[in-house]
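Structure first, then comments.
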Amino acid sequence: MAYSLPHTAVVILNWNGRRHLQAYLPSVVANSRGCEIIVADNASTDDSVAYLQAHFPQVRLILLAQNYGFCEGYNKALRQVQAKYYILLNSDVAVPPGWTQPLLHLMESDERIAVCQPKINAQQHPAFFEYAGAGGGLLDALGYPFCRGRLFETLEEDHGQYNDVQEIFWATGACMLVRAAVFHELGGLEPAFFAHMEEIDFCWRAKNAGYRVMYNGQSHVLHVGGGTLHKSNPKKTFLNFRNGLALLYKNIPSQGLLSSIGLRVLLDWIAALRMLVAGQKQDARAVLKAHADLLRNRTYWRKRRKEQQPKGNFPKMAGVYKGSIVWEYFIRQKRMVKDL
């Protein structure tokens with residue numbers, strides 16, 4: 001008997017990404033059977049919109065008034081999309097035939113699942129996992145994110161070791177299937193993040209609300225990565241460190257909050273010192289600016305924490321590594337998740 005797919009919208013947020021749309025949108029259109037394909041444009045100044053109108057009339061366009069960033073761009077776009085599920089998909093992702101079915105079947109099997117992701121391999125080196133998401137996102141006790149298949153800059157070769165179905169802590173925003181009702185129930189993505197770590201924050205809030213976050217390695221996609229901000233860009237360093245600390249403050253329960261924040265700040269300063277010694281002065285400065293920005297806007301972040309009222313036993317949540325990934329990677333020289 002044929003399986004009737006639930007109404008699903010694949011939504012790609014675009015900003016000046018015509019080259020990515022030209023390279024990867026054809027695979028999305030061809031291989032996303034039964035899905036509505038939408039491109040939400042963040043007021044691009046290149047010819048993205050004209051290109052889409054000329055070459056992809058079947059793709060729905062949502063035109064946003066300005067560049068709202070990843071978070072608020074998606075929030076505004078998804079308020080205009082009626083579907084049971086949203087797939088948030090980066091413009092630099094290529095997808096194979098049948099990629100949505102394993103994800104949708106998993107979501108349909110349990111209403112407590114709010115989010116899931118496929119396996120993410122690197123477009124340039126498909127035999128290896130890709131930095132953003134890999135085999136599913138995990139978090140250590142101090143809120144540092146890593147993935148099955150990726151510890152900091154070390155990427156594992158894909159030998160099928162993550163072809164499983166597994167509960168994880170966070171799913172990558174590069175390709176994230178979200179239950180629409182939960183997306184709106186939780187207020188969407190954190191707008192103040194602008195970009196980076198917003199998916200971890202969303203998944204953490206979902207877990208605090210009693211939902212599950214899953215990985216399904218029976219589906220896979222290929223991701224280029226760094227399409228908007230390269231990892232060496234100081235602005236990305238600023239966003240990662242600012243959002244990483246805000247992520248911890250927003251979501252960790254009161255018990256252990258001060259010690260976690262204190263240790264995290266110390267480790268951030270050590271990271272800034274390492275950058276300075278390595279000659280990465282702009283990145284080191286970006287870390288300090290990130291902390292200063294968080295302090296300057298502390299009233300906002302206190303309000304957000306109060307609104308969310310974080311609950312739950314964080315160390316016992318699925319996908320939490322109870323140790324320090326920084327210690328294991330840099331001091332004990334462990335490079336594989338299986339060695340932790």
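Lettering and numbering for the structure tokens are positional, with chains as A, B, ... in the shown order, residues counted from 1 in each chain, and ligands counted from 1 in the shown order.
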
Name the residues in contact with A:Lys303 at a cut-off of 12 Å, using only C-alpha atoms, excluding same-chain residues fewer than 6 positions from it; report them as a list in words.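 Listed by chain and then number, they are Tyr249, Lys250, Asn297 and Gln309 of chain A.
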
Hey, what does DSSP flag as helix (DSSP H, G or I) within stretch 232-270 of chain A? Can you give it to me as an MDAnalysis selection string? chainID A and resid 234:251 257:270

Min atom-atom distance to A:Asn42 from the set A:Phe56, A:Glu72, A:Val28, A:Gly98, counting only C-alpha atoms, belongs to A:Glu72

Need the shell around A:Pro126: protein/DNA/RNA residues with any atom at most 12 Å away, counting only C-alpha atoms. Skip same-chain ones fewer than 4 positions apart. Format as a ChimeraX atom specification? /A:94,119-122,130,134,155-159,220-224

Residues within 9 Å of A:Leu340, only C-alpha atoms, excluding chain neighbours under 2 positions, as a list of chain:residue names: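 After dropping sequence-adjacent residues, the list is A:Tyr321, A:Gly323, A:Ile325, A:Glu328, A:Lys334, A:Arg335, A:Met336, A:Val337, A:Lys338.
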
Please produce a file of those selected residues containing N, CA, C and O atoms, as an mmCIF file, in the first residue's frame.
```cif
data_model
loop_
_atom_site.group_PDB
_atom_site.id
_atom_site.type_symbol
_atom_site.label_atom_id
_atom_site.label_comp_id
_atom_site.auth_asym_id
_atom_site.auth_seq_id
_atom_site.Cartn_x
_atom_site.Cartn_y
_atom_site.Cartn_z
ATOM 1 N N TYR A 321 27.402 14.504 26.694
ATOM 2 C CA TYR A 321 28.629 13.866 27.158
ATOM 3 C C TYR A 321 28.995 14.493 28.500
ATOM 4 O O TYR A 321 29.169 15.709 28.594
ATOM 5 N N GLY A 323 31.574 14.596 30.320
ATOM 6 C CA GLY A 323 32.903 15.154 30.521
ATOM 7 C C GLY A 323 33.095 16.449 29.747
ATOM 8 O O GLY A 323 32.148 17.106 29.330
ATOM 9 N N ILE A 325 34.739 17.985 26.367
ATOM 10 C CA ILE A 325 35.279 17.668 25.050
ATOM 11 C C ILE A 325 36.573 18.441 24.784
ATOM 12 O O ILE A 325 37.470 17.977 24.083
ATOM 13 N N GLU A 328 39.289 16.393 26.526
ATOM 14 C CA GLU A 328 39.540 15.139 25.821
ATOM 15 C C GLU A 328 40.277 15.362 24.502
ATOM 16 O O GLU A 328 41.161 14.580 24.131
ATOM 17 N N LYS A 334 42.244 12.923 22.033
ATOM 18 C CA LYS A 334 41.268 11.994 21.472
ATOM 19 C C LYS A 334 40.605 12.637 20.261
ATOM 20 O O LYS A 334 40.172 13.783 20.309
ATOM 21 N N ARG A 335 40.531 11.898 19.165
ATOM 22 C CA ARG A 335 40.084 12.457 17.901
ATOM 23 C C ARG A 335 38.814 11.784 17.362
ATOM 24 O O ARG A 335 38.258 12.250 16.361
ATOM 25 N N MET A 336 38.348 10.706 17.999
ATOM 26 C CA MET A 336 37.184 9.974 17.518
ATOM 27 C C MET A 336 36.144 9.901 18.642
ATOM 28 O O MET A 336 36.504 9.696 19.806
ATOM 29 N N VAL A 337 34.862 10.009 18.270
ATOM 30 C CA VAL A 337 33.799 9.939 19.252
ATOM 31 C C VAL A 337 33.824 8.610 19.991
ATOM 32 O O VAL A 337 33.584 8.550 21.207
ATOM 33 N N LYS A 338 34.156 7.538 19.285
ATOM 34 C CA LYS A 338 34.162 6.208 19.919
ATOM 35 C C LYS A 338 35.219 6.091 21.001
ATOM 36 O O LYS A 338 35.139 5.198 21.873
#
```

Report as a Markdown table the residues of stretch 225-309 of chain A within 12 Å of stretch 178-188 of chain A, each with its shortest atom pair and distance in Å (one decimal), using only C-alpha atoms, ordered by chain and increasing residue number.
```
| residue | atom | partner | partner_atom | distance |
| --- | --- | --- | --- | --- |
| A:Arg304 | CA | A:Gly187 | CA | 11.4 |
| A:Glu307 | CA | A:Leu186 | CA | 10.8 |
| A:Gln308 | CA | A:Leu186 | CA | 9.0 |
```

Residues of the last selection are to be written out with all heavy atoms, as a PDB file, in the first residue's frame.
```
ATOM      1  N   ARG A 304      14.997  36.514  28.500  1.00  0.00           N
ATOM      2  CA  ARG A 304      14.785  35.294  27.713  1.00  0.00           C
ATOM      3  C   ARG A 304      14.869  34.054  28.603  1.00  0.00           C
ATOM      4  O   ARG A 304      14.094  33.114  28.453  1.00  0.00           O
ATOM      5  CB  ARG A 304      15.821  35.209  26.593  1.00  0.00           C
ATOM      6  CG  ARG A 304      15.701  36.292  25.550  1.00  0.00           C
ATOM      7  CD  ARG A 304      14.380  36.226  24.815  1.00  0.00           C
ATOM      8  NE  ARG A 304      14.384  35.193  23.793  1.00  0.00           N
ATOM      9  CZ  ARG A 304      13.305  34.720  23.193  1.00  0.00           C
ATOM     10  NH1 ARG A 304      12.113  35.159  23.567  1.00  0.00           N
ATOM     11  NH2 ARG A 304      13.388  33.798  22.256  1.00  0.00           N
ATOM     12  N   GLU A 307      11.665  33.827  30.591  1.00  0.00           N
ATOM     13  CA  GLU A 307      10.551  33.389  29.750  1.00  0.00           C
ATOM     14  C   GLU A 307      10.575  31.885  29.534  1.00  0.00           C
ATOM     15  O   GLU A 307       9.542  31.224  29.526  1.00  0.00           O
ATOM     16  CB  GLU A 307      10.598  34.109  28.398  1.00  0.00           C
ATOM     17  CG  GLU A 307      10.231  35.583  28.464  1.00  0.00           C
ATOM     18  CD  GLU A 307      10.509  36.310  27.147  1.00  0.00           C
ATOM     19  OE1 GLU A 307      11.173  35.710  26.272  1.00  0.00           O
ATOM     20  OE2 GLU A 307      10.080  37.458  27.008  1.00  0.00           O
ATOM     21  N   GLN A 308      11.757  31.345  29.361  1.00  0.00           N
ATOM     22  CA  GLN A 308      11.884  29.922  29.044  1.00  0.00           C
ATOM     23  C   GLN A 308      11.848  29.021  30.279  1.00  0.00           C
ATOM     24  O   GLN A 308      11.452  27.859  30.181  1.00  0.00           O
ATOM     25  CB  GLN A 308      13.184  29.678  28.269  1.00  0.00           C
ATOM     26  CG  GLN A 308      13.162  30.278  26.881  1.00  0.00           C
ATOM     27  CD  GLN A 308      14.492  30.199  26.160  1.00  0.00           C
ATOM     28  OE1 GLN A 308      14.768  30.969  25.270  1.00  0.00           O
ATOM     29  NE2 GLN A 308      15.330  29.255  26.554  1.00  0.00           N
TER      30      GLN A 308
END
```

Could you check which of A:Ile113, A:Val320, A:Ala271, A:Ala50 is closest to A:Ala209, using only C-alpha atoms? A:Ile113

Contacts of stretch 108-112 of chain A at 12 Å (only C-alpha atoms; same-chain gap of 5+ positions) as a ChimeraX atom specification: /A:3-8,84-85,101-103,167,177-182,206-207,209-214

Computed interatomic separation between atom CA of A:Phe238 and atom CA of A:Gly319 (Å):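 Computed distance, atom CA of A:Phe238 to atom CA of A:Gly319, equals 25.5 Å.
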
Sel. of strand (DSSP E) residues, stretch 39-277 of chain A, as a PyMOL selection string: chain A and resi 39-41+60-63+85-89+93-94+113-122+137-140+145-147+150-151+154-155+165-167+175-179+212-223

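Each of A:Ala40, A:Ile261, A:Leu295, A:Cys175 was checked against A:Trp15 using only C-alpha atoms; the smallest atom-to-atom distance is that of A:Ala40.
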